[in-house]
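File shown: data23.txt. Contents: compact mmCIF, C-alpha atoms.
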```
# COMPACT_ATOMS: atom_id res chain seq x y z
CA MET A 1 1.57 -1.58 3.24
CA PRO A 2 3.18 1.14 5.42
CA ARG A 3 0.68 3.63 6.89
CA HIS A 4 1.62 7.12 8.04
CA LEU A 5 0.04 8.25 11.29
CA LYS A 6 2.10 11.45 11.03
CA ARG A 7 3.94 13.07 8.13
CA GLY A 8 6.59 15.74 8.02
CA MET A 9 6.96 18.85 5.92
CA ASP A 10 6.01 18.75 2.24
CA ALA A 11 8.93 17.78 0.02
CA GLY A 12 8.42 20.88 -2.13
CA ALA A 13 8.93 23.19 0.84
CA ILE A 14 12.12 21.36 1.79
CA LYS A 15 13.42 21.69 -1.77
CA ALA A 16 12.75 25.43 -1.78
CA ALA A 17 14.64 25.86 1.50
CA ASP A 18 17.57 23.89 0.08
CA ALA A 19 17.70 26.18 -2.96
CA LYS A 20 17.97 29.24 -0.75
CA VAL A 21 20.82 27.67 1.21
CA ARG A 22 22.63 26.80 -2.02
CA GLU A 23 22.44 30.38 -3.32
CA THR A 24 23.67 31.88 -0.04
CA VAL A 25 26.65 29.54 0.12
CA GLU A 26 27.67 30.26 -3.47
CA THR A 27 27.85 33.96 -2.69
CA ILE A 28 29.94 33.47 0.45
CA LEU A 29 32.42 31.11 -1.21
CA ALA A 30 32.95 33.43 -4.17
CA ASP A 31 33.59 36.41 -1.91
CA ILE A 32 36.07 34.55 0.30
CA GLU A 33 37.95 33.22 -2.71
CA THR A 34 38.36 36.80 -3.96
CA ARG A 35 38.88 38.85 -0.78
CA LYS A 36 40.27 36.12 1.48
CA ASP A 37 40.89 37.29 5.08
CA ALA A 38 38.88 40.47 4.63
CA ALA A 39 35.81 38.52 3.53
CA VAL A 40 36.26 35.93 6.30
CA LYS A 41 36.34 38.70 8.89
CA ASP A 42 33.28 40.40 7.40
CA PHE A 43 31.21 37.21 7.44
CA SER A 44 32.37 36.29 10.93
CA LYS A 45 31.34 39.74 12.14
CA LYS A 46 27.99 39.48 10.36
CA PHE A 47 27.02 35.97 11.48
CA ASP A 48 28.85 35.55 14.81
CA ASN A 49 29.65 39.11 15.88
CA TRP A 50 33.28 37.99 16.04
CA ALA A 51 36.16 39.75 14.28
CA PRO A 52 39.44 39.35 16.21
CA ALA A 53 42.81 40.44 14.88
CA ASN A 54 43.74 36.77 14.51
CA PHE A 55 41.30 33.85 14.39
CA ARG A 56 44.04 31.36 15.32
CA LEU A 57 44.61 30.76 19.02
CA SER A 58 48.13 31.08 20.37
CA GLU A 59 49.62 28.50 22.73
CA THR A 60 48.98 30.89 25.62
CA GLU A 61 45.33 31.31 24.63
CA ILE A 62 44.92 27.54 24.33
CA GLU A 63 46.39 27.02 27.80
CA ARG A 64 44.14 29.75 29.21
CA ALA A 65 41.05 28.14 27.69
CA ILE A 66 41.95 24.67 29.00
CA GLY A 67 42.49 26.20 32.43
CA GLN A 68 38.82 27.22 32.49
CA VAL A 69 37.58 23.64 32.06
CA PRO A 70 36.71 21.80 35.29
CA LYS A 71 38.91 18.80 36.08
CA ARG A 72 36.00 16.34 35.82
CA ASP A 73 35.10 17.65 32.36
CA LEU A 74 38.70 17.24 31.21
CA GLU A 75 38.72 13.67 32.49
CA ASP A 76 35.44 12.94 30.66
CA ILE A 77 36.84 14.40 27.43
CA LYS A 78 39.95 12.25 27.72
CA PHE A 79 37.86 9.14 28.43
CA ALA A 80 35.71 9.74 25.35
CA GLN A 81 38.79 10.35 23.21
CA SER A 82 40.36 7.13 24.41
CA GLN A 83 37.28 5.20 23.26
CA VAL A 84 37.33 6.86 19.84
CA ARG A 85 41.09 6.38 19.54
CA ASN A 86 40.96 2.71 20.50
CA PHE A 87 38.22 1.89 17.98
CA ALA A 88 39.90 3.91 15.22
CA GLN A 89 43.14 2.03 15.87
CA LYS A 90 41.32 -1.31 15.60
CA GLN A 91 39.83 -0.14 12.30
CA LYS A 92 43.26 0.89 11.02
CA ASP A 93 44.73 -2.45 12.11
CA SER A 94 42.14 -4.19 9.91
CA MET A 95 43.54 -2.44 6.84
CA ARG A 96 46.55 -4.14 5.36
CA ASP A 97 48.99 -3.14 2.67
CA VAL A 98 48.92 -5.72 -0.11
CA GLU A 99 51.64 -7.09 -2.39
CA VAL A 100 51.05 -10.18 -4.50
CA GLU A 101 52.71 -11.85 -7.48
CA THR A 102 49.67 -12.36 -9.71
CA ILE A 103 51.55 -14.26 -12.43
CA PRO A 104 55.26 -15.12 -12.49
CA GLY A 105 57.24 -11.89 -12.64
CA VAL A 106 54.26 -9.52 -12.16
CA VAL A 107 53.91 -7.94 -8.73
CA LEU A 108 50.89 -5.77 -7.80
CA GLY A 109 50.26 -4.01 -4.53
CA HIS A 110 48.57 -1.22 -2.68
CA ARG A 111 49.51 1.05 0.21
CA HIS A 112 47.28 3.05 2.56
CA ILE A 113 48.71 6.57 2.56
CA PRO A 114 47.40 9.26 4.94
CA VAL A 115 46.07 12.51 3.54
CA ASN A 116 48.69 15.22 4.21
CA SER A 117 46.43 17.92 5.66
CA ILE A 118 42.84 18.22 6.81
CA GLY A 119 40.50 20.85 8.17
CA CYS A 120 38.14 19.73 10.93
CA TYR A 121 34.94 21.65 11.52
CA VAL A 122 33.39 21.44 14.99
CA PRO A 123 29.85 22.87 15.18
CA GLY A 124 29.06 25.21 18.03
CA GLY A 125 26.08 27.34 17.15
CA ARG A 126 23.08 26.09 19.11
CA TYR A 127 25.22 23.67 21.14
CA PRO A 128 29.00 23.43 21.59
CA MET A 129 29.65 20.05 19.93
CA VAL A 130 32.70 19.03 21.94
CA ALA A 131 32.37 15.43 20.77
CA SER A 132 32.85 16.39 17.12
CA ALA A 133 36.46 17.25 17.92
CA HIS A 134 37.07 13.67 19.06
CA MET A 135 35.46 12.19 15.98
CA SER A 136 37.47 14.08 13.40
CA ILE A 137 40.75 15.11 15.02
CA VAL A 138 41.46 11.94 17.02
CA THR A 139 40.56 9.70 14.08
CA ALA A 140 42.75 11.70 11.68
CA ARG A 141 45.65 11.52 14.10
CA VAL A 142 45.32 7.73 14.32
CA ALA A 143 45.35 7.60 10.51
CA GLY A 144 48.64 9.50 10.44
CA VAL A 145 47.54 12.85 8.97
CA LYS A 146 50.49 15.26 9.22
CA ARG A 147 48.70 18.60 9.60
CA ILE A 148 45.34 19.04 11.32
CA ALA A 149 43.63 22.43 11.38
CA ALA A 150 40.44 22.78 13.43
CA CYS A 151 37.74 25.43 13.51
CA ALA A 152 34.82 26.03 15.85
CA PRO A 153 32.60 29.11 16.09
CA PRO A 154 32.84 31.54 18.99
CA HIS A 155 30.65 30.81 21.99
CA LYS A 156 29.46 33.69 24.14
CA GLY A 157 32.02 36.04 22.67
CA GLY A 158 35.10 33.86 22.58
CA PRO A 159 36.53 30.36 22.26
CA HIS A 160 34.56 27.62 23.97
CA PRO A 161 36.99 26.25 26.59
CA ALA A 162 35.84 22.61 26.39
CA ILE A 163 35.99 22.56 22.58
CA VAL A 164 39.50 24.04 22.67
CA ALA A 165 40.52 21.38 25.20
CA ALA A 166 39.09 18.61 23.06
CA MET A 167 40.84 19.94 19.96
CA HIS A 168 44.14 20.25 21.79
CA PHE A 169 44.08 16.84 23.47
CA GLY A 170 42.80 15.28 20.25
CA GLY A 171 45.94 16.42 18.44
CA ALA A 172 45.05 19.55 16.43
CA ASP A 173 48.06 21.48 15.13
CA GLU A 174 46.13 24.71 14.52
CA ILE A 175 43.01 25.88 16.39
CA TYR A 176 40.83 28.67 15.00
CA VAL A 177 37.82 30.37 16.55
CA LEU A 178 35.84 30.64 13.34
CA GLY A 179 32.48 29.22 12.37
CA GLY A 180 30.05 28.49 9.58
CA VAL A 181 30.65 28.60 5.84
CA GLN A 182 33.46 31.09 6.34
CA ALA A 183 35.42 28.56 8.40
CA VAL A 184 35.01 25.77 5.87
CA ALA A 185 35.88 28.09 2.99
CA ALA A 186 38.96 29.49 4.73
CA MET A 187 40.38 26.03 5.35
CA ALA A 188 39.50 24.69 1.90
CA LEU A 189 40.45 27.67 -0.25
CA GLY A 190 43.13 29.22 1.94
CA THR A 191 43.43 32.89 2.87
CA ASP A 192 46.23 35.35 3.52
CA THR A 193 46.82 33.77 6.94
CA ILE A 194 45.39 30.24 6.68
CA GLN A 195 47.09 27.64 4.51
CA PRO A 196 44.64 25.51 2.49
CA VAL A 197 44.08 21.88 3.40
CA ASP A 198 43.56 18.82 1.24
CA MET A 199 40.35 17.62 2.88
CA ILE A 200 37.46 19.03 4.95
CA VAL A 201 35.71 16.88 7.55
CA GLY A 202 33.10 17.23 10.26
CA PRO A 203 29.34 17.75 10.61
CA GLY A 204 27.46 21.03 10.54
CA ASN A 205 24.21 22.72 9.72
CA ALA A 206 22.66 22.86 6.26
CA TYR A 207 24.94 25.75 5.21
CA VAL A 208 28.12 23.95 6.25
CA ALA A 209 27.02 20.77 4.48
CA GLU A 210 26.24 22.74 1.33
CA ALA A 211 29.63 24.47 1.47
CA LYS A 212 31.34 21.09 1.60
CA ARG A 213 29.23 19.90 -1.33
CA GLN A 214 30.22 22.90 -3.44
CA LEU A 215 33.89 22.65 -2.50
CA PHE A 216 34.15 18.92 -3.21
CA GLY A 217 36.55 18.34 -6.07
CA ARG A 218 38.74 21.26 -5.09
CA VAL A 219 39.28 19.48 -1.80
CA GLY A 220 38.20 16.12 -0.51
CA ILE A 221 35.39 15.79 1.98
CA ASP A 222 34.41 13.04 4.36
CA LEU A 223 30.72 13.05 3.47
CA LEU A 224 27.71 15.35 3.50
CA ALA A 225 26.68 15.41 7.15
CA GLY A 226 23.90 17.93 7.62
CA PRO A 227 21.17 18.24 10.25
CA THR A 228 20.83 15.17 12.46
CA GLU A 229 18.39 12.43 11.46
CA THR A 230 17.09 9.64 13.66
CA LEU A 231 14.95 6.60 12.94
CA ILE A 232 13.53 4.45 15.72
CA ILE A 233 12.54 0.90 14.73
CA ALA A 234 10.49 -0.63 17.53
CA ASP A 235 7.93 -3.25 18.42
CA GLU A 236 5.91 -3.87 21.57
CA SER A 237 8.95 -5.23 23.41
CA VAL A 238 9.49 -1.57 24.42
CA ASP A 239 7.17 1.25 25.45
CA GLY A 240 6.21 4.66 24.14
CA GLU A 241 8.21 6.58 26.72
CA ILE A 242 11.59 5.21 25.67
CA CYS A 243 10.74 5.67 21.97
CA ALA A 244 9.62 9.27 22.54
CA THR A 245 12.72 10.00 24.62
CA ASP A 246 15.01 8.75 21.87
CA LEU A 247 13.13 10.66 19.16
CA LEU A 248 13.26 13.98 21.01
CA GLY A 249 16.81 13.33 22.18
CA GLN A 250 17.90 13.80 18.58
CA ALA A 251 15.21 16.25 17.47
CA GLU A 252 16.64 18.75 19.94
CA HIS A 253 19.62 19.22 17.60
CA GLY A 254 17.57 21.77 15.69
CA PRO A 255 14.30 22.57 13.96
CA THR A 256 15.25 20.76 10.73
CA SER A 257 16.21 17.42 12.30
CA PRO A 258 14.02 14.52 11.08
CA ALA A 259 12.79 12.11 13.76
CA VAL A 260 10.90 9.04 12.55
CA LEU A 261 9.23 6.13 14.34
CA LEU A 262 8.85 2.91 12.37
CA THR A 263 6.86 0.18 14.09
CA ASN A 264 4.62 -2.82 13.50
CA SER A 265 2.39 -1.82 16.45
CA GLU A 266 -0.21 0.91 16.08
CA LYS A 267 -0.64 0.86 19.87
CA LEU A 268 3.07 1.64 20.36
CA ALA A 269 2.86 4.30 17.66
CA ARG A 270 0.01 6.14 19.38
CA ASP A 271 1.54 5.73 22.82
CA THR A 272 4.78 7.21 21.50
CA MET A 273 3.01 10.19 19.97
CA ALA A 274 1.27 10.85 23.29
CA GLN A 275 4.56 10.56 25.16
CA VAL A 276 6.22 13.01 22.75
CA GLU A 277 3.58 15.62 23.58
CA ARG A 278 4.04 15.00 27.31
CA LEU A 279 7.83 15.23 27.15
CA LEU A 280 7.69 18.44 25.12
CA THR A 281 6.05 20.13 28.11
CA ILE A 282 9.08 19.43 30.33
CA LEU A 283 12.11 19.09 28.00
CA PRO A 284 14.43 22.12 28.40
CA THR A 285 15.22 22.05 24.67
CA ALA A 286 11.56 21.76 23.63
CA ASP A 287 11.72 24.86 21.44
CA ALA A 288 13.96 23.15 18.87
CA ALA A 289 12.63 19.62 19.41
CA ALA A 290 8.99 20.66 19.05
CA GLN A 291 9.63 22.44 15.76
CA ALA A 292 11.59 19.49 14.41
CA TRP A 293 8.82 17.08 15.45
CA LYS A 294 6.14 19.31 13.91
CA ASP A 295 7.90 19.81 10.57
CA TYR A 296 10.03 16.68 10.20
CA GLY A 297 8.55 14.08 12.53
CA GLU A 298 6.95 10.95 11.08
CA VAL A 299 5.21 7.89 12.48
CA ILE A 300 4.91 4.88 10.16
CA VAL A 301 3.15 1.60 10.93
CA CYS A 302 4.16 -1.53 9.02
CA ASP A 303 2.74 -5.05 8.93
CA SER A 304 5.94 -7.07 9.38
CA TYR A 305 9.67 -6.99 10.05
CA ASP A 306 10.34 -7.42 6.33
CA GLU A 307 8.22 -4.38 5.53
CA MET A 308 9.99 -2.43 8.25
CA VAL A 309 13.37 -3.30 6.71
CA ALA A 310 12.20 -2.16 3.27
CA GLU A 311 10.85 1.10 4.66
CA ALA A 312 13.99 1.71 6.73
CA ASP A 313 16.18 1.20 3.66
CA ARG A 314 13.99 3.66 1.75
CA ILE A 315 14.42 6.27 4.48
CA ALA A 316 18.20 5.58 4.72
CA SER A 317 18.52 7.46 7.99
CA GLU A 318 21.71 8.70 9.60
CA HIS A 319 20.99 7.07 12.98
CA VAL A 320 18.86 3.94 13.31
CA GLN A 321 17.93 2.70 16.75
CA VAL A 322 16.50 -0.82 16.76
CA MET A 323 14.44 -1.78 19.81
CA THR A 324 12.75 -5.03 18.84
CA ARG A 325 12.66 -8.62 20.05
CA ASP A 326 15.14 -9.57 17.33
CA PRO A 327 17.45 -6.61 16.59
CA ASP A 328 19.89 -8.86 14.72
CA PHE A 329 17.23 -9.34 12.04
CA PHE A 330 17.74 -5.68 11.11
CA LEU A 331 21.52 -5.89 11.45
CA ASN A 332 21.54 -8.81 9.01
CA ASN A 333 19.03 -7.42 6.53
CA MET A 334 19.27 -3.63 6.42
CA THR A 335 21.60 -2.05 3.88
CA ASN A 336 21.02 1.73 4.07
CA TYR A 337 21.96 3.42 7.35
CA GLY A 338 24.68 5.56 8.85
CA ALA A 339 24.96 3.69 12.15
CA LEU A 340 22.87 1.08 13.95
CA PHE A 341 22.15 1.08 17.68
CA LEU A 342 20.93 -2.38 18.59
CA GLY A 343 18.69 -3.01 21.57
CA PRO A 344 17.22 -0.72 24.25
CA ARG A 345 20.42 -0.68 26.35
CA THR A 346 22.22 1.51 23.82
CA ASN A 347 21.09 4.70 22.10
CA VAL A 348 22.23 7.38 19.67
CA ALA A 349 23.55 9.63 22.43
CA TYR A 350 26.10 6.94 23.38
CA GLY A 351 27.37 6.96 19.81
CA ASP A 352 27.26 10.76 19.62
CA LYS A 353 29.37 11.35 22.69
CA VAL A 354 31.46 8.55 24.06
CA ILE A 355 31.09 4.89 23.08
CA GLY A 356 33.81 5.00 20.41
CA THR A 357 32.15 4.71 17.01
CA ASN A 358 32.21 7.86 14.89
CA HIS A 359 29.25 10.21 14.98
CA THR A 360 29.93 11.95 11.66
CA LEU A 361 27.46 10.07 9.48
CA PRO A 362 25.65 10.41 6.13
CA THR A 363 22.36 12.33 5.96
CA LYS A 364 19.75 13.04 3.28
CA LYS A 365 19.70 9.41 2.05
CA ASN A 366 23.44 9.41 1.37
CA ALA A 367 23.62 6.22 3.42
CA ARG A 368 22.56 4.51 0.19
CA PHE A 369 26.14 4.86 -1.07
CA THR A 370 28.46 5.73 1.79
CA GLY A 371 29.15 4.95 5.40
CA GLY A 372 30.28 7.43 8.03
CA LEU A 373 33.61 8.98 8.92
CA TRP A 374 36.22 6.44 9.98
CA VAL A 375 39.97 6.09 9.95
CA GLY A 376 39.88 4.80 6.37
CA LYS A 377 38.46 8.11 5.13
CA PHE A 378 41.81 9.72 5.89
CA LEU A 379 43.76 7.05 4.02
CA LYS A 380 44.26 6.93 0.27
CA THR A 381 44.54 3.38 -1.04
CA CYS A 382 47.12 3.75 -3.80
CA THR A 383 48.23 0.94 -6.09
CA TYR A 384 51.62 0.13 -7.61
CA GLN A 385 53.06 -2.48 -9.95
CA ARG A 386 56.40 -4.08 -10.76
CA VAL A 387 57.36 -6.32 -13.65
CA LEU A 388 60.41 -8.32 -12.61
CA THR A 389 61.33 -10.41 -15.68
CA ASP A 390 61.75 -10.00 -19.41
CA GLU A 391 59.34 -12.87 -19.95
CA ALA A 392 56.61 -11.24 -17.86
CA SER A 393 56.97 -7.87 -19.60
CA THR A 394 56.78 -9.60 -22.99
CA LEU A 395 53.70 -11.61 -22.04
CA ILE A 396 51.79 -8.64 -20.65
CA GLY A 397 53.01 -6.44 -23.50
CA GLU A 398 51.60 -8.70 -26.21
CA TYR A 399 48.17 -8.74 -24.59
CA CYS A 400 48.34 -5.00 -23.94
CA SER A 401 49.30 -4.18 -27.53
CA ARG A 402 46.35 -6.06 -28.99
CA LEU A 403 43.89 -4.59 -26.49
CA CYS A 404 45.13 -1.05 -27.18
CA ILE A 405 44.67 -1.49 -30.92
CA LEU A 406 41.18 -2.85 -30.24
CA GLU A 407 40.35 0.53 -28.71
CA GLY A 408 42.25 2.58 -31.30
CA PHE A 409 45.03 3.74 -28.98
CA SER A 410 48.12 3.47 -31.18
CA GLY A 411 50.39 5.34 -28.80
CA HIS A 412 49.35 3.09 -25.93
CA ALA A 413 50.09 0.09 -28.11
CA GLU A 414 53.58 1.35 -28.89
CA GLN A 415 54.33 1.62 -25.15
CA ALA A 416 53.75 -2.13 -25.06
CA ASN A 417 55.46 -2.86 -28.38
CA ILE A 418 58.78 -1.25 -27.48
CA ARG A 419 59.03 -3.51 -24.44
CA VAL A 420 58.12 -6.61 -26.41
CA ARG A 421 60.89 -5.77 -28.84
CA ARG A 422 63.47 -5.00 -26.15
CA TYR A 423 62.70 -7.66 -23.60
CA GLY A 424 61.29 -10.41 -25.78
CA GLY A 425 63.32 -10.13 -28.92
CA ARG A 426 60.07 -9.93 -30.84
CA ASN A 427 60.08 -7.50 -33.75
CA ILE A 428 56.58 -6.07 -33.26
CA ALA A 429 56.40 -2.86 -35.22
CA TYR A 430 53.61 -0.30 -35.07
CA ALA A 431 52.34 -1.35 -38.49
CA GLN A 432 52.21 -5.01 -37.50
CA ALA A 433 50.32 -4.21 -34.29
CA ALA A 434 47.90 -2.05 -36.21
CA GLU A 435 47.00 -5.00 -38.41
```
Structure translated into structure tokens:
Amino acid sequence: MPRHLKRGMDAGAIKAADAKVRETVETILADIETRKDAAVKDFSKKFDNWAPANFRLSETEIERAIGQVPKRDLEDIKFAQSQVRNFAQKQKDSMRDVEVETIPGVVLGHRHIPVNSIGCYVPGGRYPMVASAHMSIVTARVAGVKRIAACAPPHKGGPHPAIVAAMHFGGADEIYVLGGVQAVAAMALGTDTIQPVDMIVGPGNAYVAEAKRQLFGRVGIDLLAGPTETLIIADESVDGEICATDLLGQAEHGPTSPAVLLTNSEKLARDTMAQVERLLTILPTADAAAQAWKDYGEVIVCDSYDEMVAEADRIASEHVQVMTRDPDFFLNNMTNYGALFLGPRTNVAYGDKVIGTNHTLPTKKNARFTGGLWVGKFLKTCTYQRVLTDEASTLIGEYCSRLCILEGFSGHAEQANIRVRRYGGRNIAYAQAAE
């Protein structure tokens, strides 16, 4: 049976915090829907101390921002984007349009059609998340999205040059210096100066994730990607230092980021906990990481690999790093995770920044029913049908008529009957079908 050597915050306290976030977001969305640009400017001034005449960057402003980015940084951004682009293209290549003649004269098919317009949110509060621009904008461009708007909050009183560069080279059509709920709302609902989009994508803090949740249905969303979660699955084939490093490497995202160690070795568990305390004395981002570890950190000891799989599926973490003698056991048996990082040579930071897989992933146990952002999220799989012969229309029509009457849909039945009469020479009247 799994044993907790360390537990995180009480579930009741987390629920109360979530309720407060929900109420705040409702208020902001309602105000922006009513007052549009004026409300967006007010909230941007309140939360980011940023209220320019125009939130959208001009071509000159984009060029000026890119000019501030060192050459090496630009090269690194382009390298990362090439990895993301290449993998997204391979994913798209795996998706095929389908057309098949299921019975003589009946042709069914589907096409993958890109969403027409999207809004990409790139977080930039505590850290400027340059990589999030690659994950959403580059992937959408590979999918064939026609219009891509992108928002990121101001950084130190203006646009963050590296984020602007990443947005531009990724393929954004519109770049806005605008953050938080107000950015998501402006893109989703539209304002006096921002045209609404069909879909909102990208990670963010709890408020951004809640805004996407509340807006879903009016626009599409990729998934609910809130504060970063990480789960380390390890045995004694690795040591406490590497486990602690990988836990704190994700906990530094912010004070509400869960970091969990799952192991079948109590010795490794205790060594890791000791190493966490040591690293927190020297980690530059220890303020956020320490709070996350205190409130959301967990250490769980299991008896076997099978028990570890069951516990990992229960947790359904966003990121799962597997550092065991047999990582493929978890690849072949786990079902609930955002992304797997197999073996000690890889880690979540590789996936976050550069390796090519997408870092926008499900949180809060949503991995039970969805995967992360990928090129397919921007494609609508839409079906079509053709009936080529009189005989086929008659055959399908007779079945359809009877099945419609079975459900009480007389009008549906008549849609079938008129075709049976015209194409089959069969005199099926409404009254006869009703019998």
Using all atoms of region 160-163 of chain A that appear in the file, construct an axis-aligned enclosing box with 6 Å of padding on every side and provide its centre coordinates and edge lengths in Å, rounded to one decimal, as JSON.
```
{"center_x": 35.8, "center_y": 25.1, "center_z": 24.6, "size_x": 14.4, "size_y": 17.1, "size_z": 16.0}
```
To one decimal in Å, tell me the separation between CA of Pro227 (chain A) and CA of Pro70 (chain A).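 Calculated distance between CA of Pro227 (chain A) and CA of Pro70 (chain A) is 29.7 Å.
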Region 337-348 of chain A: which residues within 9 Å, counting only C-alpha atoms, same-chain residues fewer than 2 positions away excluded, as a PyMOL selection string? chain A and resi 230+238+242+246+249-250+312-313+315-328+330-331+334-335+350-353+357-363+365-368+370-372
Each region 105-208 of chain A residue no farther than 10 Å from region 59-65 of chain A, nearest pair in Å, only C-alpha atoms, as JSON lines:
```
{"residue": "A:Gly158", "atom": "CA", "partner": "A:Ala65", "partner_atom": "CA", "distance": 9.7}
{"residue": "A:Pro159", "atom": "CA", "partner": "A:Ala65", "partner_atom": "CA", "distance": 7.4}
{"residue": "A:His160", "atom": "CA", "partner": "A:Ala65", "partner_atom": "CA", "distance": 7.5}
{"residue": "A:Pro161", "atom": "CA", "partner": "A:Ala65", "partner_atom": "CA", "distance": 4.6}
{"residue": "A:Ala162", "atom": "CA", "partner": "A:Ala65", "partner_atom": "CA", "distance": 7.7}
{"residue": "A:Ile163", "atom": "CA", "partner": "A:Ala65", "partner_atom": "CA", "distance": 9.1}
{"residue": "A:Val164", "atom": "CA", "partner": "A:Ile62", "partner_atom": "CA", "distance": 6.7}
{"residue": "A:Ala165", "atom": "CA", "partner": "A:Ala65", "partner_atom": "CA", "distance": 7.2}
{"residue": "A:Met167", "atom": "CA", "partner": "A:Ile62", "partner_atom": "CA", "distance": 9.7}
{"residue": "A:His168", "atom": "CA", "partner": "A:Ile62", "partner_atom": "CA", "distance": 7.8}
{"residue": "A:Glu174", "atom": "CA", "partner": "A:Glu59", "partner_atom": "CA", "distance": 9.7}
{"residue": "A:Ile175", "atom": "CA", "partner": "A:Ile62", "partner_atom": "CA", "distance": 8.3}
```
So how far away is CA of Ile300 (chain A) from CA of Met9 (chain A), in Å?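 CA of Ile300 (chain A) lies 14.7 Å from CA of Met9 (chain A).
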Could I get the residues of region 17-115 of chain A with an atom no further than 9 Å from an atom of region 374-389 of chain A, each paired with its nearest atom pair and that distance in Å to one decimal, using all atoms listed in the file, sorted by chain and residue number, as CSV?
```
residue,atom,partner,partner_atom,distance
A:Ala88,CA,A:Val375,CA,5.7
A:Gln89,CA,A:Val375,CA,7.8
A:Gln91,CA,A:Val375,CA,6.7
A:Lys92,CA,A:Val375,CA,6.2
A:Met95,CA,A:Gly376,CA,8.1
A:Asp97,CA,A:Thr381,CA,8.7
A:Val98,CA,A:Thr383,CA,9.0
A:Glu99,CA,A:Tyr384,CA,8.9
A:Pro104,CA,A:Thr389,CA,8.3
A:Gly105,CA,A:Leu388,CA,4.8
A:Val106,CA,A:Val387,CA,4.7
A:Val107,CA,A:Arg386,CA,5.0
A:Leu108,CA,A:Gln385,CA,4.5
A:Gly109,CA,A:Tyr384,CA,5.3
A:His110,CA,A:Thr383,CA,4.1
A:Arg111,CA,A:Cys382,CA,5.4
A:His112,CA,A:Thr381,CA,4.5
A:Ile113,CA,A:Lys380,CA,5.0
A:Pro114,CA,A:Leu379,CA,4.4
A:Val115,CA,A:Phe378,CA,5.6
```
Residues within 9 Å of Asn54 (chain A), all atoms listed in the file, excluding chain neighbours under 4 positions, as a compact mmCIF listing (two decimals) with C-alpha atoms, in the coordinates of the input:
```txt
# COMPACT_ATOMS: atom_id res chain seq x y z
CA TYR A 176 40.83 28.67 15.00
CA VAL A 177 37.82 30.37 16.55
CA THR A 193 46.82 33.77 6.94
```
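Distance-wise, CA of Thr394 (chain A) and CA of Val420 (chain A) end up 4.7 Å apart.
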For Ile148 (chain A): contacts at 12 Å, all atoms listed in the file, fewer than 6 positions along chain excluded, given as a ChimeraX atom specification: /A:114-121,133,136-142,167-168,170-176,187,195-201,378
Which residue, A:Ala413, A:Leu178, A:Ala185, A:Leu283, has the smallest gap to Ser44 (chain A) when you use all atoms listed in the file?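 Ranked by minimum distance to Ser44 (chain A), first place goes to A:Leu178.
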Find the residues with any atom within 10 Å of (28.2, 22.5, 17.1); use only C-alpha atoms and the coordinates as given in the file, and write the answer as a list in words. Tyr121, Val122, Pro123, Gly124, Gly125, Arg126, Tyr127, Pro128, Met129, Val130, Ala131, Ser132, Ala133, Ala152, Pro153, His155, Ile163, Gly179, Gly180, Gly202, Pro203, Gly204, Asn205 and His253 of chain A
Taking (15.0, 19.2, 7.1) in the file's coordinates, which residues come within 10 Å, counting only C-alpha atoms, written as a list in words? Gly8, Met9, Ala11, Ala13, Ile14, Lys15, Ala17, Asp18, Ala206, Gly226, Pro227, Thr228, Glu229, Gly254, Pro255, Thr256, Ser257, Pro258, Ala259, Ala292, Asp295, Tyr296, Gly297 and Lys364 of chain A
Keeping N, CA and C atoms (and nothing else), can you write region 395-403 of chain A of this structure as a compact mmCIF listing (two decimals), in the first residue's frame?
```txt
# COMPACT_ATOMS: atom_id res chain seq x y z
N LEU A 395 -31.58 1.48 -50.88
CA LEU A 395 -31.22 0.53 -49.82
C LEU A 395 -31.07 1.25 -48.48
N ILE A 396 -30.29 2.31 -48.47
CA ILE A 396 -30.08 3.04 -47.21
C ILE A 396 -31.39 3.67 -46.76
N GLY A 397 -32.17 4.18 -47.71
CA GLY A 397 -33.42 4.84 -47.37
C GLY A 397 -34.41 3.92 -46.68
N GLU A 398 -34.50 2.67 -47.13
CA GLU A 398 -35.45 1.74 -46.50
C GLU A 398 -35.05 1.46 -45.05
N TYR A 399 -33.77 1.22 -44.82
CA TYR A 399 -33.31 1.04 -43.44
C TYR A 399 -33.56 2.30 -42.61
N CYS A 400 -33.21 3.45 -43.19
CA CYS A 400 -33.35 4.71 -42.46
C CYS A 400 -34.80 4.97 -42.08
N SER A 401 -35.71 4.74 -43.02
CA SER A 401 -37.13 4.99 -42.75
C SER A 401 -37.61 4.19 -41.54
N ARG A 402 -37.30 2.91 -41.53
CA ARG A 402 -37.75 2.06 -40.43
C ARG A 402 -37.13 2.49 -39.10
N LEU A 403 -35.86 2.85 -39.13
CA LEU A 403 -35.18 3.24 -37.89
C LEU A 403 -35.71 4.59 -37.37
```
